[in-house]
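> Input: one structure, supplied below.
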Amino acid sequence: MYNWKIIGHKKQIGAIEEDMKADNLTHAYLFAGPSGIGKFAIAKMFVNILQCPNNLCHECPTCIQIQKDGHPDTIVLKDTEESIKIEQIREIITKLNMTAQGKYKVLLIKKAERMTPEAANCLLKTLEEPPANTLIVMTTDNARLILPTIISRVRLLKFNAYSTGFLEEKLADLFPDTNQETLKQICSLSLGKSGKAIKLLRNADLLASYRTMYNVLCEFLEDTPIYRKFNVIEEVLKEKKDVNEFLDTFTHLIRNRLYQGVSDGSNKDKEQYLISLLEEVENTKTLLSHNVNAKLALENLALKTIS
Ligand SMILES: [Zn+2]
């Protein structure tokens, strides 16, 4: 119905358009799914459609203000990598209770899992009794970290990463000069996350460092002595590389191995081991988001790699 300027996610965008068409908007939405796949861009566009007097023209002052995070009726909590405190939420609720100049008062929260339990509980009261014409749209990379009481009060839309084949096809149109082999590798390294793939396509140094990380991680799946795996972890932490990127690359590597195993179907035990390792990587991510010591969490994961 509208020009969202988004690749894919047809089902989720369709669901939002249905809500708008049927005049059946819920006062709060939560978009959940992996990072870097465009959830927040969709959240912003959603709000943009509602606030623009021309139903999303991409040109009027409202459209421009919303896309630049400068719209007076649209409060945006960007990802600062810091937790969101109760004081911030209280302040925002006061603003939501003021009259809107346009149609809605909107609150957009990126990575809502950053809310402290106190902040989340404070927001919960607003979700239970929202002021008139208020819309809250939140995104999260990990719905397991959102209070169940919050989830029960919102419309939850789940997003998935793209299949690497789909992403490859779309990016081949956008980056026609990139050779096919590189594009294939980038889409695979990005685990189907468009934002990350585009970053790698634009930054050759970053791509090189990813390839190195991938090769180093291969050691984790070999019969390498544990002290060498611990050394790798120390290097990663010393160079302040993003631990989540390290874990994402590990996920990519394990999936590749699984895929190779599945295609020749030779070793069921190995397959089971790799699947459980994928779960361990996810658990490690959850631990890290709860501020567990990174070195301990990664060393614990390394110990799980001994089959
Ligand atoms: Zn407009």
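Residue names in the structure tokens use chain letters A, B, ... in the order shown, residue numbers from 1 in each chain, and ligand numbers from 1 in the order shown.
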Can you pull out every residue within 12 Å of range 255-261 of chain A, counting only C-alpha atoms, but drop anything in the same chain fewer than 2 positions away, and send it as an mmCIF file with N, CA and C atoms, in the first residue's frame?

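selection_28.cif written:
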```cif
data_model
loop_
_atom_site.group_PDB
_atom_site.id
_atom_site.type_symbol
_atom_site.label_atom_id
_atom_site.label_comp_id
_atom_site.auth_asym_id
_atom_site.auth_seq_id
_atom_site.Cartn_x
_atom_site.Cartn_y
_atom_site.Cartn_z
ATOM 1 N N GLN A 185 29.830 -14.732 -0.014
ATOM 2 C CA GLN A 185 30.504 -14.878 1.274
ATOM 3 C C GLN A 185 29.994 -13.834 2.280
ATOM 4 N N SER A 188 26.562 -14.675 3.575
ATOM 5 C CA SER A 188 26.655 -15.780 4.499
ATOM 6 C C SER A 188 27.247 -15.324 5.840
ATOM 7 N N LEU A 189 28.312 -14.523 5.782
ATOM 8 C CA LEU A 189 28.924 -13.983 7.007
ATOM 9 C C LEU A 189 27.954 -13.113 7.800
ATOM 10 N N LEU A 191 24.844 -13.562 8.164
ATOM 11 C CA LEU A 191 23.713 -14.358 8.661
ATOM 12 C C LEU A 191 22.380 -13.790 8.166
ATOM 13 N N TYR A 214 36.933 -15.380 11.224
ATOM 14 C CA TYR A 214 36.356 -16.663 10.801
ATOM 15 C C TYR A 214 37.418 -17.766 10.845
ATOM 16 N N CYS A 218 37.716 -21.147 13.332
ATOM 17 C CA CYS A 218 37.755 -22.538 12.857
ATOM 18 C C CYS A 218 38.494 -23.425 13.864
ATOM 19 N N LEU A 221 36.543 -25.357 16.499
ATOM 20 C CA LEU A 221 35.841 -26.596 16.180
ATOM 21 C C LEU A 221 36.812 -27.745 15.930
ATOM 22 N N GLU A 222 38.111 -27.432 15.995
ATOM 23 C CA GLU A 222 39.102 -28.499 15.802
ATOM 24 C C GLU A 222 39.543 -29.026 17.165
ATOM 25 N N ASP A 248 28.451 -13.987 16.579
ATOM 26 C CA ASP A 248 27.707 -14.121 15.316
ATOM 27 C C ASP A 248 28.535 -14.874 14.276
ATOM 28 N N THR A 249 29.820 -14.543 14.222
ATOM 29 C CA THR A 249 30.694 -15.225 13.263
ATOM 30 C C THR A 249 30.798 -16.708 13.612
ATOM 31 N N PHE A 250 30.827 -16.979 14.901
ATOM 32 C CA PHE A 250 30.871 -18.377 15.343
ATOM 33 C C PHE A 250 29.591 -19.116 14.906
ATOM 34 N N THR A 251 28.441 -18.458 15.078
ATOM 35 C CA THR A 251 27.160 -19.033 14.638
ATOM 36 C C THR A 251 27.216 -19.358 13.150
ATOM 37 N N HIS A 252 27.744 -18.411 12.390
ATOM 38 C CA HIS A 252 27.863 -18.579 10.942
ATOM 39 C C HIS A 252 28.712 -19.807 10.601
ATOM 40 N N LEU A 253 29.829 -19.928 11.312
ATOM 41 C CA LEU A 253 30.738 -21.047 11.077
ATOM 42 C C LEU A 253 30.069 -22.390 11.415
ATOM 43 N N SER A 263 24.533 -32.144 4.109
ATOM 44 C CA SER A 263 24.539 -32.508 2.689
ATOM 45 C C SER A 263 25.153 -33.888 2.448
ATOM 46 N N ASP A 264 26.108 -34.311 3.294
ATOM 47 C CA ASP A 264 26.559 -35.691 3.056
ATOM 48 C C ASP A 264 25.961 -36.677 4.079
ATOM 49 N N GLY A 265 25.282 -36.127 5.115
ATOM 50 C CA GLY A 265 24.510 -36.945 6.050
ATOM 51 C C GLY A 265 25.299 -38.033 6.790
ATOM 52 N N SER A 266 26.634 -37.847 6.889
ATOM 53 C CA SER A 266 27.463 -38.961 7.345
ATOM 54 C C SER A 266 27.516 -39.111 8.865
ATOM 55 N N ASN A 267 27.445 -38.000 9.601
ATOM 56 C CA ASN A 267 27.759 -38.108 11.023
ATOM 57 C C ASN A 267 26.695 -37.468 11.930
ATOM 58 N N LYS A 268 25.804 -38.324 12.430
ATOM 59 C CA LYS A 268 24.677 -37.833 13.243
ATOM 60 C C LYS A 268 25.139 -37.224 14.568
ATOM 61 N N ASP A 269 26.150 -37.857 15.211
ATOM 62 C CA ASP A 269 26.638 -37.366 16.504
ATOM 63 C C ASP A 269 27.207 -35.962 16.367
ATOM 64 N N LYS A 270 27.981 -35.803 15.328
ATOM 65 C CA LYS A 270 28.607 -34.507 15.064
ATOM 66 C C LYS A 270 27.519 -33.449 14.851
ATOM 67 N N GLU A 271 26.476 -33.841 14.141
ATOM 68 C CA GLU A 271 25.379 -32.921 13.858
ATOM 69 C C GLU A 271 24.709 -32.474 15.164
ATOM 70 N N GLN A 272 24.455 -33.449 16.036
ATOM 71 C CA GLN A 272 23.834 -33.167 17.322
ATOM 72 C C GLN A 272 24.706 -32.224 18.149
ATOM 73 N N TYR A 273 26.006 -32.501 18.117
ATOM 74 C CA TYR A 273 26.970 -31.676 18.852
ATOM 75 C C TYR A 273 26.922 -30.229 18.348
ATOM 76 N N LEU A 274 26.883 -30.056 17.033
ATOM 77 C CA LEU A 274 26.872 -28.708 16.461
ATOM 78 C C LEU A 274 25.576 -27.973 16.814
ATOM 79 N N ILE A 275 24.466 -28.711 16.804
ATOM 80 C CA ILE A 275 23.189 -28.081 17.162
ATOM 81 C C ILE A 275 23.221 -27.599 18.616
ATOM 82 N N SER A 276 23.771 -28.456 19.497
ATOM 83 C CA SER A 276 23.823 -28.039 20.908
ATOM 84 C C SER A 276 24.789 -26.870 21.079
ATOM 85 N N LEU A 277 25.815 -26.839 20.254
ATOM 86 C CA LEU A 277 26.758 -25.722 20.321
ATOM 87 C C LEU A 277 26.096 -24.404 19.894
ATOM 88 N N LEU A 278 25.233 -24.488 18.886
ATOM 89 C CA LEU A 278 24.482 -23.295 18.463
ATOM 90 C C LEU A 278 23.666 -22.747 19.628
ATOM 91 N N GLU A 279 23.044 -23.648 20.379
ATOM 92 C CA GLU A 279 22.264 -23.223 21.546
ATOM 93 C C GLU A 279 23.171 -22.569 22.581
ATOM 94 N N VAL A 281 25.885 -20.945 22.065
ATOM 95 C CA VAL A 281 26.254 -19.594 21.617
ATOM 96 C C VAL A 281 25.120 -18.619 21.957
#
```
> For the interface of chain A with ligand 1 (cut-off 10 Å, counting only C-alpha atoms and all ligand atoms), please tabulate each contacting residue of chain A alongside its nearest pair of atoms and their separation in Å to one decimal, rows sorted by chain and increasing number, as a Markdown table.

```
| residue | atom | partner | partner_atom_place_in_ligand_line | distance |
| --- | --- | --- | --- | --- |
| A:Asn48 | CA | ligand 1 | 1 (Zn) | 7.5 |
| A:Ile49 | CA | ligand 1 | 1 (Zn) | 7.7 |
| A:Leu50 | CA | ligand 1 | 1 (Zn) | 9.5 |
| A:Gln51 | CA | ligand 1 | 1 (Zn) | 7.8 |
| A:Cys52 | CA | ligand 1 | 1 (Zn) | 4.2 |
| A:Pro53 | CA | ligand 1 | 1 (Zn) | 6.0 |
| A:Asn54 | CA | ligand 1 | 1 (Zn) | 5.4 |
| A:Asn55 | CA | ligand 1 | 1 (Zn) | 6.5 |
| A:Leu56 | CA | ligand 1 | 1 (Zn) | 4.6 |
| A:Cys57 | CA | ligand 1 | 1 (Zn) | 4.0 |
| A:His58 | CA | ligand 1 | 1 (Zn) | 5.0 |
| A:Glu59 | CA | ligand 1 | 1 (Zn) | 5.2 |
| A:Cys60 | CA | ligand 1 | 1 (Zn) | 4.1 |
| A:Pro61 | CA | ligand 1 | 1 (Zn) | 6.7 |
| A:Thr62 | CA | ligand 1 | 1 (Zn) | 5.5 |
| A:Cys63 | CA | ligand 1 | 1 (Zn) | 4.3 |
| A:Ile64 | CA | ligand 1 | 1 (Zn) | 7.4 |
| A:Gln65 | CA | ligand 1 | 1 (Zn) | 9.4 |
| A:Ile66 | CA | ligand 1 | 1 (Zn) | 9.3 |
```
> Please produce a file of those selected residues containing N, CA and C atoms, as a tab-separated table (two decimals), in the first residue's frame.

```
chain	number	residue	atom	x	y	z
A	48	ASN	N	5.85	7.18	10.64
A	48	ASN	CA	5.86	8.19	9.58
A	48	ASN	C	4.55	8.17	8.78
A	49	ILE	N	4.10	6.98	8.44
A	49	ILE	CA	2.85	6.86	7.67
A	49	ILE	C	1.69	7.47	8.47
A	50	LEU	N	1.68	7.17	9.78
A	50	LEU	CA	0.58	7.66	10.62
A	50	LEU	C	0.62	9.17	10.80
A	51	GLN	N	1.81	9.73	10.91
A	51	GLN	CA	1.92	11.16	11.23
A	51	GLN	C	1.87	12.07	9.99
A	52	CYS	N	2.30	11.56	8.86
A	52	CYS	CA	2.36	12.41	7.65
A	52	CYS	C	0.95	12.78	7.21
A	53	PRO	N	0.70	14.08	7.00
A	53	PRO	CA	-0.65	14.48	6.56
A	53	PRO	C	-1.02	13.92	5.18
A	54	ASN	N	-0.02	13.49	4.42
A	54	ASN	CA	-0.30	12.91	3.09
A	54	ASN	C	-0.11	11.39	3.07
A	55	ASN	N	-0.19	10.73	4.20
A	55	ASN	CA	0.03	9.28	4.27
A	55	ASN	C	1.37	8.84	3.68
A	56	LEU	N	2.43	9.46	4.13
A	56	LEU	CA	3.80	9.11	3.71
A	56	LEU	C	4.13	9.62	2.32
A	57	CYS	N	4.63	10.86	2.30
A	57	CYS	CA	5.01	11.44	1.01
A	57	CYS	C	6.53	11.50	0.88
A	58	HIS	N	7.27	11.30	1.96
A	58	HIS	CA	8.74	11.38	2.01
A	58	HIS	C	9.25	12.81	1.77
A	59	GLU	N	8.36	13.80	1.71
A	59	GLU	CA	8.80	15.15	1.33
A	59	GLU	C	8.38	16.24	2.30
A	60	CYS	N	7.25	16.07	2.98
A	60	CYS	CA	6.73	17.16	3.81
A	60	CYS	C	7.60	17.32	5.07
A	61	PRO	N	7.46	18.45	5.79
A	61	PRO	CA	8.28	18.65	7.00
A	61	PRO	C	8.13	17.50	8.01
A	62	THR	N	6.90	16.96	8.17
A	62	THR	CA	6.70	15.87	9.12
A	62	THR	C	7.55	14.66	8.74
A	63	CYS	N	7.50	14.27	7.48
A	63	CYS	CA	8.28	13.11	7.02
A	63	CYS	C	9.77	13.34	7.28
A	64	ILE	N	10.25	14.52	6.93
A	64	ILE	CA	11.68	14.80	7.09
A	64	ILE	C	12.06	14.81	8.57
A	65	GLN	N	11.21	15.47	9.40
A	65	GLN	CA	11.50	15.52	10.84
A	65	GLN	C	11.54	14.11	11.45
A	66	ILE	N	10.60	13.26	11.07
A	66	ILE	CA	10.57	11.92	11.65
A	66	ILE	C	11.81	11.13	11.25
```
> Identify which of the residues A:Val137, A:Met115, A:Ala297, A:Leu201 lies closest to Phe175 in chain A, counting only C-alpha atoms when measuring atom-to-atom distances.
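Answer, going by the shortest atom-to-atom distance: A:Leu201.
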> Just to confirm, what's the straight-line distance from CA of Glu239 in chain A to CA of Ala161 in chain A in Å (one decimal)?
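CA of Ala161 in chain A lies at a distance of 28.2 Å from CA of Glu239 in chain A.
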> Report as JSON lines: every residue of range 41-129 of chain A with an atom at most 8 Å from range 2-15 of chain A, its closest pair of atoms, and their distance in Å to one decimal, counting only C-alpha atoms, with rows sorted by chain and ascending residue number.

```
{"residue": "A:Ala41", "atom": "CA", "partner": "A:Ile6", "partner_atom": "CA", "distance": 7.9}
{"residue": "A:Ile42", "atom": "CA", "partner": "A:Ile6", "partner_atom": "CA", "distance": 7.3}
{"residue": "A:Met45", "atom": "CA", "partner": "A:Trp4", "partner_atom": "CA", "distance": 6.4}
{"residue": "A:Leu56", "atom": "CA", "partner": "A:Tyr2", "partner_atom": "CA", "distance": 7.3}
```
> Range 60-180 of chain A: which residues are alpha helix (DSSP H) by DSSP, as a count of residues only?
46
> Taking 3 positions as the minimum chain separation for residues in the same chain, which residues sit within 6 Å of Gly192 in chain A when counting only C-alpha atoms? Answer as a PyMOL selection string.
chain A and resi 161-164+187
> Work out how far apart CA of Arg114 in chain A and CA of Ile151 in chain A are and give it in Å to one decimal.
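So the answer is 14.8 Å.
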> Kindly indicate which residue among A:Thr99, A:Thr139, A:Thr26, A:Ser194 lies nearest to Leu77 in chain A, using only C-alpha atoms for the distances.
A:Thr139
> Show me, as a VMD selection string, the residues that have an atom within 12 Å of Thr126 in chain A when counting only C-alpha atoms, minus same-chain residues fewer than 5 positions from it.
chain A and resid 27 to 28 89 to 90 92 to 94 96 to 97 107 119 to 121 131 to 132 134 to 136 150 153 to 154
> Could you name the residues that touch Leu206 in chain A at 12 Å or less, counting only C-alpha atoms, but leaving out those on the same chain fewer than 5 positions away, as JSON, numbers by chain?
{"A": [186, 189, 196, 197, 198, 199, 200, 201, 211, 212, 213, 241, 245]}
> Please, could you write that set of residues out with N, CA and C atoms as an mmCIF file, in the first residue's frame?

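What landed in again_26.cif:
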```
data_model
loop_
_atom_site.group_PDB
_atom_site.id
_atom_site.type_symbol
_atom_site.label_atom_id
_atom_site.label_comp_id
_atom_site.auth_asym_id
_atom_site.auth_seq_id
_atom_site.Cartn_x
_atom_site.Cartn_y
_atom_site.Cartn_z
ATOM 1 N N ILE A 186 29.813 -12.601 1.799
ATOM 2 C CA ILE A 186 29.338 -11.531 2.680
ATOM 3 C C ILE A 186 27.934 -11.835 3.200
ATOM 4 N N LEU A 189 28.312 -14.523 5.782
ATOM 5 C CA LEU A 189 28.924 -13.983 7.007
ATOM 6 C C LEU A 189 27.954 -13.113 7.800
ATOM 7 N N LYS A 196 24.214 -5.414 8.194
ATOM 8 C CA LYS A 196 25.590 -5.840 8.352
ATOM 9 C C LYS A 196 26.227 -6.133 6.989
ATOM 10 N N ALA A 197 25.475 -6.765 6.098
ATOM 11 C CA ALA A 197 26.003 -7.087 4.765
ATOM 12 C C ALA A 197 26.410 -5.803 4.037
ATOM 13 N N ILE A 198 25.572 -4.773 4.146
ATOM 14 C CA ILE A 198 25.872 -3.515 3.451
ATOM 15 C C ILE A 198 27.139 -2.873 4.035
ATOM 16 N N LYS A 199 27.275 -2.970 5.366
ATOM 17 C CA LYS A 199 28.485 -2.440 6.019
ATOM 18 C C LYS A 199 29.735 -3.138 5.475
ATOM 19 N N LEU A 200 29.659 -4.461 5.353
ATOM 20 C CA LEU A 200 30.807 -5.229 4.862
ATOM 21 C C LEU A 200 31.096 -4.929 3.385
ATOM 22 N N LEU A 201 30.044 -4.702 2.623
ATOM 23 C CA LEU A 201 30.230 -4.383 1.198
ATOM 24 C C LEU A 201 30.924 -3.040 1.013
ATOM 25 N N ARG A 211 37.065 -11.978 7.894
ATOM 26 C CA ARG A 211 37.628 -13.218 7.341
ATOM 27 C C ARG A 211 38.659 -13.795 8.301
ATOM 28 N N THR A 212 39.471 -12.906 8.901
ATOM 29 C CA THR A 212 40.470 -13.361 9.868
ATOM 30 C C THR A 212 39.775 -14.010 11.063
ATOM 31 N N MET A 213 38.745 -13.333 11.571
ATOM 32 C CA MET A 213 38.024 -13.846 12.739
ATOM 33 C C MET A 213 37.444 -15.239 12.428
ATOM 34 N N LYS A 241 37.338 -6.168 20.329
ATOM 35 C CA LYS A 241 36.433 -6.490 19.229
ATOM 36 C C LYS A 241 35.050 -6.726 19.826
ATOM 37 N N GLU A 245 29.812 -9.706 17.711
ATOM 38 C CA GLU A 245 30.230 -9.992 16.338
ATOM 39 C C GLU A 245 30.994 -11.319 16.312
#
```
> To one decimal place in Å, what is the distance between CA of Leu30 in chain A and CA of Gln67 in chain A?
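We find that CA of Leu30 in chain A and CA of Gln67 in chain A lie 19.4 Å from each other.
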> List every residue of range 57-193 of chain A that DSSP, applied to the backbone of this structure, places in strand (DSSP E), and write the result as a ChimeraX atom specification.
/A:74-77,105-109,134-140,155-158
> Would you put the residues from that selection into a file with C-alpha atoms, as a PDB file, in the first residue's frame?

```pdb
ATOM      1  CA  THR A  74       7.699  11.597  18.254  1.00  0.00           C
ATOM      2  CA  ILE A  75      10.010  10.732  21.133  1.00  0.00           C
ATOM      3  CA  VAL A  76      12.869   8.467  20.071  1.00  0.00           C
ATOM      4  CA  LEU A  77      15.039   6.404  22.415  1.00  0.00           C
ATOM      5  CA  LYS A 105       2.009  11.213  20.511  1.00  0.00           C
ATOM      6  CA  VAL A 106       4.561   8.542  19.724  1.00  0.00           C
ATOM      7  CA  LEU A 107       7.307   6.806  21.649  1.00  0.00           C
ATOM      8  CA  LEU A 108       9.872   4.774  19.723  1.00  0.00           C
ATOM      9  CA  ILE A 109      12.270   2.592  21.724  1.00  0.00           C
ATOM     10  CA  THR A 134      -0.608   7.493  22.126  1.00  0.00           C
ATOM     11  CA  LEU A 135       1.374   4.955  20.183  1.00  0.00           C
ATOM     12  CA  ILE A 136       4.398   3.090  21.527  1.00  0.00           C
ATOM     13  CA  VAL A 137       6.571   1.115  19.114  1.00  0.00           C
ATOM     14  CA  MET A 138       9.482  -0.854  20.549  1.00  0.00           C
ATOM     15  CA  THR A 139      12.061  -3.107  18.952  1.00  0.00           C
ATOM     16  CA  THR A 140      14.128  -5.813  20.586  1.00  0.00           C
ATOM     17  CA  ARG A 155       1.143  -6.545  19.683  1.00  0.00           C
ATOM     18  CA  LEU A 156       4.207  -8.703  19.094  1.00  0.00           C
ATOM     19  CA  LEU A 157       5.498  -9.017  15.544  1.00  0.00           C
ATOM     20  CA  LYS A 158       8.359 -11.439  14.984  1.00  0.00           C
TER      21      LYS A 158
END
```
